[in-house]
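Trainee: The structure file my_file23.pdb (PDB, N, CA and C atoms, pLDDT in the B column) is provided below.
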```pdb
ATOM      1  N   MET A   1      27.598-159.473 -70.932  1.00 50.00           N
ATOM      2  CA  MET A   1      28.581-160.464 -70.523  1.00 50.00           C
ATOM      3  C   MET A   1      28.254-160.931 -69.100  1.00 50.00           C
ATOM      4  N   THR A   2      28.584-162.158 -68.809  1.00 55.00           N
ATOM      5  CA  THR A   2      28.229-162.718 -67.514  1.00 55.00           C
ATOM      6  C   THR A   2      29.478-163.021 -66.710  1.00 55.00           C
ATOM      7  N   ASN A   3      29.325-163.050 -65.403  1.00 72.00           N
ATOM      8  CA  ASN A   3      30.427-163.492 -64.567  1.00 72.00           C
ATOM      9  C   ASN A   3      30.066-164.801 -63.889  1.00 72.00           C
ATOM     10  N   LYS A   4      28.992-165.440 -64.375  1.00 82.00           N
ATOM     11  CA  LYS A   4      28.619-166.738 -63.826  1.00 82.00           C
ATOM     12  C   LYS A   4      29.643-167.777 -64.253  1.00 82.00           C
ATOM     13  N   LYS A   5      29.912-168.694 -63.359  1.00 91.00           N
ATOM     14  CA  LYS A   5      30.826-169.782 -63.668  1.00 91.00           C
ATOM     15  C   LYS A   5      30.106-170.788 -64.571  1.00 91.00           C
ATOM     16  N   VAL A   6      30.760-171.177 -65.666  1.00 96.00           N
ATOM     17  CA  VAL A   6      30.160-172.111 -66.615  1.00 96.00           C
ATOM     18  C   VAL A   6      31.031-173.359 -66.702  1.00 96.00           C
ATOM     19  N   ILE A   7      30.419-174.509 -66.432  1.00 96.00           N
ATOM     20  CA  ILE A   7      31.122-175.793 -66.522  1.00 96.00           C
ATOM     21  C   ILE A   7      30.369-176.666 -67.510  1.00 96.00           C
ATOM     22  N   LEU A   8      31.109-177.275 -68.422  1.00 97.00           N
ATOM     23  CA  LEU A   8      30.525-178.166 -69.424  1.00 97.00           C
ATOM     24  C   LEU A   8      31.041-179.575 -69.180  1.00 97.00           C
ATOM     25  N   PHE A   9      30.128-180.491 -68.886  1.00 97.00           N
ATOM     26  CA  PHE A   9      30.475-181.912 -68.796  1.00 97.00           C
ATOM     27  C   PHE A   9      30.226-182.502 -70.172  1.00 97.00           C
ATOM     28  N   SER A  10      31.256-183.145 -70.740  1.00 97.00           N
ATOM     29  CA  SER A  10      31.157-183.635 -72.107  1.00 97.00           C
ATOM     30  C   SER A  10      31.938-184.931 -72.267  1.00 97.00           C
ATOM     31  N   THR A  11      31.856-185.486 -73.480  1.00 96.00           N
ATOM     32  CA  THR A  11      32.731-186.599 -73.858  1.00 96.00           C
ATOM     33  C   THR A  11      33.446-186.207 -75.135  1.00 96.00           C
ATOM     34  N   SER A  12      34.514-186.914 -75.429  1.00 94.00           N
ATOM     35  CA  SER A  12      35.325-186.611 -76.612  1.00 94.00           C
ATOM     36  C   SER A  12      34.563-186.823 -77.910  1.00 94.00           C
ATOM     37  N   SER A  13      33.614-187.758 -77.912  1.00 95.00           N
ATOM     38  CA  SER A  13      32.947-188.130 -79.159  1.00 95.00           C
ATOM     39  C   SER A  13      31.548-187.538 -79.321  1.00 95.00           C
ATOM     40  N   CYS A  14      31.158-186.619 -78.454  1.00 96.00           N
ATOM     41  CA  CYS A  14      29.788-186.092 -78.452  1.00 96.00           C
ATOM     42  C   CYS A  14      29.668-184.842 -79.329  1.00 96.00           C
ATOM     43  N   PRO A  15      28.933-184.946 -80.458  1.00 97.00           N
ATOM     44  CA  PRO A  15      28.807-183.774 -81.335  1.00 97.00           C
ATOM     45  C   PRO A  15      28.043-182.618 -80.683  1.00 97.00           C
ATOM     46  N   TRP A  16      27.054-182.910 -79.850  1.00 97.00           N
ATOM     47  CA  TRP A  16      26.306-181.839 -79.179  1.00 97.00           C
ATOM     48  C   TRP A  16      27.170-181.126 -78.149  1.00 97.00           C
ATOM     49  N   CYS A  17      28.107-181.859 -77.556  1.00 97.00           N
ATOM     50  CA  CYS A  17      29.041-181.242 -76.611  1.00 97.00           C
ATOM     51  C   CYS A  17      29.921-180.226 -77.342  1.00 97.00           C
ATOM     52  N   SER A  18      30.408-180.622 -78.520  1.00 97.00           N
ATOM     53  CA  SER A  18      31.235-179.718 -79.329  1.00 97.00           C
ATOM     54  C   SER A  18      30.446-178.480 -79.726  1.00 97.00           C
ATOM     55  N   ARG A  19      29.189-178.670 -80.109  1.00 97.00           N
ATOM     56  CA  ARG A  19      28.349-177.528 -80.485  1.00 97.00           C
ATOM     57  C   ARG A  19      28.160-176.587 -79.310  1.00 97.00           C
ATOM     58  N   ALA A  20      27.901-177.150 -78.141  1.00 97.00           N
ATOM     59  CA  ALA A  20      27.705-176.320 -76.951  1.00 97.00           C
ATOM     60  C   ALA A  20      28.976-175.527 -76.644  1.00 97.00           C
ATOM     61  N   LYS A  21      30.118-176.201 -76.678  1.00 96.00           N
ATOM     62  CA  LYS A  21      31.387-175.540 -76.382  1.00 96.00           C
ATOM     63  C   LYS A  21      31.673-174.434 -77.399  1.00 96.00           C
ATOM     64  N   ASN A  22      31.468-174.727 -78.683  1.00 96.00           N
ATOM     65  CA  ASN A  22      31.708-173.728 -79.727  1.00 96.00           C
ATOM     66  C   ASN A  22      30.766-172.538 -79.582  1.00 96.00           C
ATOM     67  N   TYR A  23      29.512-172.812 -79.261  1.00 96.00           N
ATOM     68  CA  TYR A  23      28.529-171.744 -79.094  1.00 96.00           C
ATOM     69  C   TYR A  23      28.948-170.803 -77.956  1.00 96.00           C
ATOM     70  N   LEU A  24      29.372-171.382 -76.848  1.00 96.00           N
ATOM     71  CA  LEU A  24      29.807-170.564 -75.716  1.00 96.00           C
ATOM     72  C   LEU A  24      31.031-169.736 -76.082  1.00 96.00           C
ATOM     73  N   ARG A  25      31.976-170.348 -76.764  1.00 94.00           N
ATOM     74  CA  ARG A  25      33.193-169.617 -77.153  1.00 94.00           C
ATOM     75  C   ARG A  25      32.879-168.499 -78.139  1.00 94.00           C
ATOM     76  N   GLN A  26      31.966-168.758 -79.088  1.00 95.00           N
ATOM     77  CA  GLN A  26      31.571-167.714 -80.049  1.00 95.00           C
ATOM     78  C   GLN A  26      30.983-166.512 -79.324  1.00 95.00           C
ATOM     79  N   ASN A  27      30.337-166.775 -78.204  1.00 94.00           N
ATOM     80  CA  ASN A  27      29.731-165.705 -77.413  1.00 94.00           C
ATOM     81  C   ASN A  27      30.667-165.197 -76.324  1.00 94.00           C
ATOM     82  N   LYS A  28      31.930-165.569 -76.439  1.00 93.00           N
ATOM     83  CA  LYS A  28      32.982-165.103 -75.526  1.00 93.00           C
ATOM     84  C   LYS A  28      32.701-165.440 -74.062  1.00 93.00           C
ATOM     85  N   ILE A  29      32.118-166.626 -73.864  1.00 94.00           N
ATOM     86  CA  ILE A  29      31.863-167.124 -72.516  1.00 94.00           C
ATOM     87  C   ILE A  29      32.983-168.100 -72.167  1.00 94.00           C
ATOM     88  N   ARG A  30      33.647-167.839 -71.062  1.00 93.00           N
ATOM     89  CA  ARG A  30      34.692-168.772 -70.622  1.00 93.00           C
ATOM     90  C   ARG A  30      34.024-169.994 -70.032  1.00 93.00           C
ATOM     91  N   VAL A  31      34.522-171.152 -70.447  1.00 95.00           N
ATOM     92  CA  VAL A  31      33.898-172.397 -70.003  1.00 95.00           C
ATOM     93  C   VAL A  31      34.979-173.368 -69.544  1.00 95.00           C
ATOM     94  N   LYS A  32      34.711-174.017 -68.441  1.00 96.00           N
ATOM     95  CA  LYS A  32      35.591-175.089 -67.983  1.00 96.00           C
ATOM     96  C   LYS A  32      34.969-176.394 -68.466  1.00 96.00           C
ATOM     97  N   GLU A  33      35.723-177.141 -69.250  1.00 97.00           N
ATOM     98  CA  GLU A  33      35.202-178.394 -69.794  1.00 97.00           C
ATOM     99  C   GLU A  33      35.749-179.570 -68.994  1.00 97.00           C
ATOM    100  N   ILE A  34      34.847-180.476 -68.625  1.00 97.00           N
ATOM    101  CA  ILE A  34      35.239-181.692 -67.921  1.00 97.00           C
ATOM    102  C   ILE A  34      34.788-182.876 -68.771  1.00 97.00           C
ATOM    103  N   LYS A  35      35.759-183.670 -69.203  1.00 97.00           N
ATOM    104  CA  LYS A  35      35.472-184.829 -70.061  1.00 97.00           C
ATOM    105  C   LYS A  35      35.136-186.030 -69.179  1.00 97.00           C
ATOM    106  N   VAL A  36      33.861-186.410 -69.171  1.00 96.00           N
ATOM    107  CA  VAL A  36      33.439-187.505 -68.293  1.00 96.00           C
ATOM    108  C   VAL A  36      33.929-188.862 -68.792  1.00 96.00           C
ATOM    109  N   ASP A  37      34.312-188.949 -70.073  1.00 95.00           N
ATOM    110  CA  ASP A  37      34.856-190.222 -70.558  1.00 95.00           C
ATOM    111  C   ASP A  37      36.295-190.429 -70.085  1.00 95.00           C
ATOM    112  N   LYS A  38      36.928-189.378 -69.582  1.00 95.00           N
ATOM    113  CA  LYS A  38      38.292-189.492 -69.063  1.00 95.00           C
ATOM    114  C   LYS A  38      38.339-189.380 -67.537  1.00 95.00           C
ATOM    115  N   ASP A  39      37.209-189.012 -66.935  1.00 95.00           N
ATOM    116  CA  ASP A  39      37.157-188.780 -65.490  1.00 95.00           C
ATOM    117  C   ASP A  39      35.927-189.486 -64.905  1.00 95.00           C
ATOM    118  N   PRO A  40      36.104-190.739 -64.437  1.00 93.00           N
ATOM    119  CA  PRO A  40      34.966-191.512 -63.924  1.00 93.00           C
ATOM    120  C   PRO A  40      34.251-190.840 -62.749  1.00 93.00           C
ATOM    121  N   ASP A  41      34.983-190.099 -61.928  1.00 96.00           N
ATOM    122  CA  ASP A  41      34.338-189.405 -60.806  1.00 96.00           C
ATOM    123  C   ASP A  41      33.402-188.315 -61.321  1.00 96.00           C
ATOM    124  N   ALA A  42      33.822-187.610 -62.362  1.00 95.00           N
ATOM    125  CA  ALA A  42      32.966-186.573 -62.953  1.00 95.00           C
ATOM    126  C   ALA A  42      31.724-187.208 -63.558  1.00 95.00           C
ATOM    127  N   ALA A  43      31.877-188.384 -64.162  1.00 94.00           N
ATOM    128  CA  ALA A  43      30.721-189.092 -64.733  1.00 94.00           C
ATOM    129  C   ALA A  43      29.716-189.414 -63.628  1.00 94.00           C
ATOM    130  N   LYS A  44      30.219-189.849 -62.478  1.00 94.00           N
ATOM    131  CA  LYS A  44      29.327-190.127 -61.342  1.00 94.00           C
ATOM    132  C   LYS A  44      28.647-188.854 -60.856  1.00 94.00           C
ATOM    133  N   ASP A  45      29.384-187.743 -60.875  1.00 92.00           N
ATOM    134  CA  ASP A  45      28.806-186.460 -60.462  1.00 92.00           C
ATOM    135  C   ASP A  45      27.634-186.077 -61.363  1.00 92.00           C
ATOM    136  N   VAL A  46      27.800-186.298 -62.682  1.00 93.00           N
ATOM    137  CA  VAL A  46      26.733-185.969 -63.634  1.00 93.00           C
ATOM    138  C   VAL A  46      25.488-186.796 -63.328  1.00 93.00           C
ATOM    139  N   VAL A  47      25.665-188.084 -63.090  1.00 94.00           N
ATOM    140  CA  VAL A  47      24.527-188.953 -62.768  1.00 94.00           C
ATOM    141  C   VAL A  47      23.875-188.485 -61.471  1.00 94.00           C
ATOM    142  N   ARG A  48      24.683-188.136 -60.491  1.00 94.00           N
ATOM    143  CA  ARG A  48      24.158-187.668 -59.202  1.00 94.00           C
ATOM    144  C   ARG A  48      23.362-186.364 -59.385  1.00 94.00           C
ATOM    145  N   MET A  49      23.867-185.464 -60.219  1.00 91.00           N
ATOM    146  CA  MET A  49      23.214-184.161 -60.422  1.00 91.00           C
ATOM    147  C   MET A  49      21.940-184.259 -61.252  1.00 91.00           C
ATOM    148  N   THR A  50      21.970-185.115 -62.289  1.00 92.00           N
ATOM    149  CA  THR A  50      20.884-185.108 -63.274  1.00 92.00           C
ATOM    150  C   THR A  50      20.041-186.374 -63.266  1.00 92.00           C
ATOM    151  N   GLY A  51      20.543-187.438 -62.640  1.00 92.00           N
ATOM    152  CA  GLY A  51      19.826-188.693 -62.647  1.00 92.00           C
ATOM    153  C   GLY A  51      19.978-189.475 -63.939  1.00 92.00           C
ATOM    154  N   GLN A  52      20.865-189.018 -64.806  1.00 88.00           N
ATOM    155  CA  GLN A  52      21.092-189.720 -66.071  1.00 88.00           C
ATOM    156  C   GLN A  52      22.546-189.582 -66.498  1.00 88.00           C
ATOM    157  N   MET A  53      22.907-190.322 -67.550  1.00 87.00           N
ATOM    158  CA  MET A  53      24.296-190.332 -67.989  1.00 87.00           C
ATOM    159  C   MET A  53      24.531-189.492 -69.242  1.00 87.00           C
ATOM    160  N   GLY A  54      23.496-188.823 -69.744  1.00 91.00           N
ATOM    161  CA  GLY A  54      23.619-188.072 -70.992  1.00 91.00           C
ATOM    162  C   GLY A  54      24.470-186.826 -70.855  1.00 91.00           C
ATOM    163  N   VAL A  55      25.159-186.490 -71.926  1.00 95.00           N
ATOM    164  CA  VAL A  55      25.907-185.230 -72.029  1.00 95.00           C
ATOM    165  C   VAL A  55      25.476-184.562 -73.328  1.00 95.00           C
ATOM    166  N   PRO A  56      25.661-183.298 -73.495  1.00 97.00           N
ATOM    167  CA  PRO A  56      26.316-182.376 -72.579  1.00 97.00           C
ATOM    168  C   PRO A  56      25.425-182.000 -71.391  1.00 97.00           C
ATOM    169  N   VAL A  57      26.107-181.693 -70.297  1.00 97.00           N
ATOM    170  CA  VAL A  57      25.456-181.093 -69.139  1.00 97.00           C
ATOM    171  C   VAL A  57      26.211-179.802 -68.852  1.00 97.00           C
ATOM    172  N   LEU A  58      25.473-178.710 -68.800  1.00 97.00           N
ATOM    173  CA  LEU A  58      26.067-177.411 -68.504  1.00 97.00           C
ATOM    174  C   LEU A  58      25.634-176.969 -67.119  1.00 97.00           C
ATOM    175  N   LEU A  59      26.581-176.490 -66.369  1.00 96.00           N
ATOM    176  CA  LEU A  59      26.271-175.827 -65.104  1.00 96.00           C
ATOM    177  C   LEU A  59      26.557-174.348 -65.319  1.00 96.00           C
ATOM    178  N   ILE A  60      25.534-173.547 -65.143  1.00 95.00           N
ATOM    179  CA  ILE A  60      25.678-172.101 -65.272  1.00 95.00           C
ATOM    180  C   ILE A  60      25.233-171.519 -63.942  1.00 95.00           C
ATOM    181  N   GLY A  61      26.214-171.089 -63.163  1.00 91.00           N
ATOM    182  CA  GLY A  61      25.896-170.714 -61.788  1.00 91.00           C
ATOM    183  C   GLY A  61      25.389-171.955 -61.086  1.00 91.00           C
ATOM    184  N   ARG A  62      24.172-171.890 -60.561  1.00 90.00           N
ATOM    185  CA  ARG A  62      23.594-173.063 -59.896  1.00 90.00           C
ATOM    186  C   ARG A  62      22.621-173.818 -60.785  1.00 90.00           C
ATOM    187  N   ALA A  63      22.370-173.296 -61.974  1.00 94.00           N
ATOM    188  CA  ALA A  63      21.412-173.930 -62.885  1.00 94.00           C
ATOM    189  C   ALA A  63      22.076-175.060 -63.660  1.00 94.00           C
ATOM    190  N   LYS A  64      21.294-176.109 -63.916  1.00 95.00           N
ATOM    191  CA  LYS A  64      21.779-177.248 -64.701  1.00 95.00           C
ATOM    192  C   LYS A  64      20.994-177.310 -65.999  1.00 95.00           C
ATOM    193  N   ILE A  65      21.708-177.503 -67.101  1.00 96.00           N
ATOM    194  CA  ILE A  65      21.055-177.696 -68.396  1.00 96.00           C
ATOM    195  C   ILE A  65      21.545-179.025 -68.941  1.00 96.00           C
ATOM    196  N   VAL A  66      20.608-179.922 -69.216  1.00 95.00           N
ATOM    197  CA  VAL A  66      20.948-181.208 -69.826  1.00 95.00           C
ATOM    198  C   VAL A  66      20.658-181.079 -71.311  1.00 95.00           C
ATOM    199  N   GLY A  67      21.676-181.316 -72.127  1.00 96.00           N
ATOM    200  CA  GLY A  67      21.525-181.153 -73.569  1.00 96.00           C
ATOM    201  C   GLY A  67      21.926-179.749 -73.989  1.00 96.00           C
ATOM    202  N   PHE A  68      21.948-179.527 -75.299  1.00 96.00           N
ATOM    203  CA  PHE A  68      22.331-178.225 -75.849  1.00 96.00           C
ATOM    204  C   PHE A  68      21.065-177.420 -76.095  1.00 96.00           C
ATOM    205  N   ASP A  69      20.639-176.684 -75.072  1.00 95.00           N
ATOM    206  CA  ASP A  69      19.413-175.894 -75.115  1.00 95.00           C
ATOM    207  C   ASP A  69      19.796-174.418 -75.225  1.00 95.00           C
ATOM    208  N   LYS A  70      19.900-173.935 -76.487  1.00 95.00           N
ATOM    209  CA  LYS A  70      20.365-172.573 -76.744  1.00 95.00           C
ATOM    210  C   LYS A  70      19.528-171.517 -76.028  1.00 95.00           C
ATOM    211  N   GLU A  71      18.214-171.686 -76.046  1.00 95.00           N
ATOM    212  CA  GLU A  71      17.346-170.685 -75.407  1.00 95.00           C
ATOM    213  C   GLU A  71      17.631-170.558 -73.919  1.00 95.00           C
ATOM    214  N   LYS A  72      17.774-171.703 -73.276  1.00 95.00           N
ATOM    215  CA  LYS A  72      18.042-171.703 -71.834  1.00 95.00           C
ATOM    216  C   LYS A  72      19.425-171.119 -71.551  1.00 95.00           C
ATOM    217  N   ILE A  73      20.406-171.491 -72.370  1.00 96.00           N
ATOM    218  CA  ILE A  73      21.771-170.954 -72.219  1.00 96.00           C
ATOM    219  C   ILE A  73      21.729-169.435 -72.353  1.00 96.00           C
ATOM    220  N   ASP A  74      21.065-168.962 -73.418  1.00 95.00           N
ATOM    221  CA  ASP A  74      20.975-167.511 -73.652  1.00 95.00           C
ATOM    222  C   ASP A  74      20.318-166.799 -72.469  1.00 95.00           C
ATOM    223  N   ARG A  75      19.227-167.382 -71.978  1.00 94.00           N
ATOM    224  CA  ARG A  75      18.493-166.764 -70.872  1.00 94.00           C
ATOM    225  C   ARG A  75      19.369-166.696 -69.613  1.00 94.00           C
ATOM    226  N   LEU A  76      20.030-167.801 -69.291  1.00 95.00           N
ATOM    227  CA  LEU A  76      20.829-167.846 -68.065  1.00 95.00           C
ATOM    228  C   LEU A  76      22.066-166.958 -68.138  1.00 95.00           C
ATOM    229  N   LEU A  77      22.599-166.792 -69.342  1.00 94.00           N
ATOM    230  CA  LEU A  77      23.820-165.978 -69.486  1.00 94.00           C
ATOM    231  C   LEU A  77      23.509-164.547 -69.934  1.00 94.00           C
ATOM    232  N   GLY A  78      22.223-164.260 -70.175  1.00 92.00           N
ATOM    233  CA  GLY A  78      21.856-162.915 -70.599  1.00 92.00           C
ATOM    234  C   GLY A  78      22.344-162.582 -71.993  1.00 92.00           C
ATOM    235  N   LEU A  79      22.426-163.604 -72.859  1.00 89.00           N
ATOM    236  CA  LEU A  79      22.879-163.371 -74.238  1.00 89.00           C
ATOM    237  C   LEU A  79      21.720-162.864 -75.075  1.00 89.00           C
ATOM    238  N   LYS A  80      22.009-161.972 -75.971  1.00 75.00           N
ATOM    239  CA  LYS A  80      20.982-161.431 -76.877  1.00 75.00           C
ATOM    240  C   LYS A  80      20.829-162.396 -78.048  1.00 75.00           C
ATOM    241  N   ARG A  81      19.606-162.590 -78.465  1.00 64.00           N
ATOM    242  CA  ARG A  81      19.336-163.417 -79.657  1.00 64.00           C
ATOM    243  C   ARG A  81      19.657-162.578 -80.879  1.00 64.00           C
ATOM    244  N   HIS A  82      20.374-163.169 -81.832  1.00 53.00           N
ATOM    245  CA  HIS A  82      20.731-162.442 -83.064  1.00 53.00           C
ATOM    246  C   HIS A  82      19.706-162.695 -84.140  1.00 53.00           C
TER     247      HIS A  82
END
```
Please go through the file and, once you have read it, give me the structure as structure tokens.

Mentor:
Amino acid sequence: MTNKKVILFSTSSCPWCSRAKNYLRQNKIRVKEIKVDKDPDAAKDVVRMTGQMGVPVLLIGRAKIVGFDKEKIDRLLGLKRH
């Protein structure tokens, strides 16, 4: 289990965002979700951080993951592959 802070930038209509959120919850990782389609400032933050407008964007500690990259998520959170 990790104590790293996990933030998910997503939109309401993004299927990959839902997959990322569900995957984290299945692994009992607490995640703070920020909907960039409802928060224009958060959308600007994502562009500033990543240089693009795509979601999902996960912040795990200081690491940024653009897209739903299970391997990277597992590595950063110390999750075991099943």

Trainee: Suppose you want the space between CA of Leu77 (chain A) and CA of Lys38 (chain A); what is it in Å?

Mentor: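 So the answer is 27.6 Å.
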
Trainee: Might you pull out every residue within 6.5 Å of Thr11 (chain A), with all atoms listed in the file counted and same-chain residues fewer than 2 positions away left off, and present them as a ChimeraX atom specification?

Mentor: /A:9,13-14,17,34-37,55-56

Trainee: I'd like the residues picked by the PyMOL selection byres (((chain A and resi 60 and name CA) around 10) and name CA) written out as a list in words, using the chain letters and numbers from the file.

Mentor: Thr2, Asn3, Lys4, Lys5, Val6, Ile7, Leu8, Val31, Val57, Leu58, Leu59, Gly61, Arg62, Ala63, Lys64, Ile65, Ile73, Leu76 and Leu77 of chain A

Trainee: In the coordinate frame of the file, compute which residues have an atom within 6 Å of (28.9, -189.0, -62.9) when using all atoms listed in the file, and state them as a PyMOL selection string.

Mentor: chain A and resi 40-48

Trainee: For a test of reading the model, state the distance in Å between CA of Asp39 (chain A) and CA of Tyr23 (chain A), rounded to one decimal.

Mentor: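 It comes out at 23.4 Å.
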
Trainee: One number please: CA of Trp16 (chain A) to CA of Phe68 (chain A), in Å, one decimal.

Mentor: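 CA of Phe68 (chain A) lies 6.3 Å from CA of Trp16 (chain A).
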
Trainee: Check the DSSP output for the backbone and give back, as an MDAnalysis selection string, the residues of chain A in strand (DSSP E or B).

Mentor: chainID A and resid 6:10 32:35 57:60 63:66
